[in-house]
Amino acid sequence: MDGIVLLKDDHKTVNALFKEFEKTHETAEPAAKRALVDKIIKELVTHAYIEETIFYPAARAGAPDTTDHVLESVEEHHVVAWLLSELRTADPGDETFDAKVTVLIENVRHHVEEEEKDWFPEVRKALGRNRLVELGERMAAAKADAPSDPLKLTSAAK
């Protein structure tokens, strides 16, 4: 699978989880809310990990004009990693829990829109199909190595 297709598939998976949260958060029991947010955390940490360790370095090297986009994306990951870290231990019954998830959703949707519209097309053009397929294979394999703790992401320490 092409690396950009893999990333877009991840974006769709996360967005489906976001929609589920938005639809059910007012009526969901705390345990159900916790389980859903735990899925969101796992998906986002895994996704950020493969972007930061494989895709972003390849994009910078193969499409130098995207360097500013990559740097901004890493900073957006930094903010998301810290939100995820807070949500990981937050009580879903706390009055700020839903607000934190809403801020997370807004941040991630903004990030996804910039990636998909502003710079994935540039990276696709610069890297070409064969390189993107090779990156996709590496990223798919690397998902198993992703940390569970958002603060173990490279961007969290920046």
# chains A, B, ... in the order shown; residues from 1 in each chain; ligands from 1
$ residues_around --residues "segment 25-39 of chain A" --least-positions-apart "6" --cutoff "9 Å" --atoms "only C-alpha atoms" --output "list of chain:residue names"
A:Val14, A:Leu17, A:Phe18, A:Leu87, A:Arg88, A:Ala90, A:Asp91, A:Pro92, A:Gly93, A:Asp98, A:Val101
$ write_last_selection --atoms "C-alpha atoms" --output "PDB file, in the first residue's frame"
ATOM      1  CA  VAL A  14      -9.760   8.256  13.510  1.00  0.00           C
ATOM      2  CA  LEU A  17     -14.027   7.333  16.095  1.00  0.00           C
ATOM      3  CA  PHE A  18     -14.396  11.114  16.478  1.00  0.00           C
ATOM      4  CA  LEU A  87      -6.831  12.170  28.375  1.00  0.00           C
ATOM      5  CA  ARG A  88      -5.071   8.867  28.991  1.00  0.00           C
ATOM      6  CA  ALA A  90      -8.422  11.653  32.903  1.00  0.00           C
ATOM      7  CA  ASP A  91     -11.663  10.566  34.512  1.00  0.00           C
ATOM      8  CA  PRO A  92     -14.380  10.383  31.814  1.00  0.00           C
ATOM      9  CA  GLY A  93     -16.838  11.606  34.436  1.00  0.00           C
ATOM     10  CA  ASP A  98     -15.509  16.068  26.931  1.00  0.00           C
ATOM     11  CA  VAL A 101     -11.709  15.503  23.610  1.00  0.00           C
TER      12      VAL A 101
END
$ residues_around --residues "Leu71 of chain A" --least-positions-apart "6" --cutoff "10 Å" --atoms "only C-alpha atoms" --output "list in words"
Tyr56, Arg60 and His77 of chain A
$ closest_residue --among "A:Val112, A:Asn130, A:Asp65, A:Leu135" --to "Asp9 of chain A" --atoms "only C-alpha atoms"
A:Val112
$ select_by_dssp --residues "chain A" --states "alpha helix (DSSP H)" --output "PyMOL selection string"
chain A and resi 3-24+30-50+56-62+67-89+97-113+120-142
$ closest_residue --among "A:Glu72, A:Glu134, A:Glu122, A:Glu116" --to "Lys8 of chain A" --atoms "only C-alpha atoms"
A:Glu116
$ residues_around --residues "Ala16 of chain A" --least-positions-apart "4" --cutoff "12 Å" --atoms "only C-alpha atoms" --output "ChimeraX atom specification"
/A:9-12,20-23,36,39-40,43,105,109
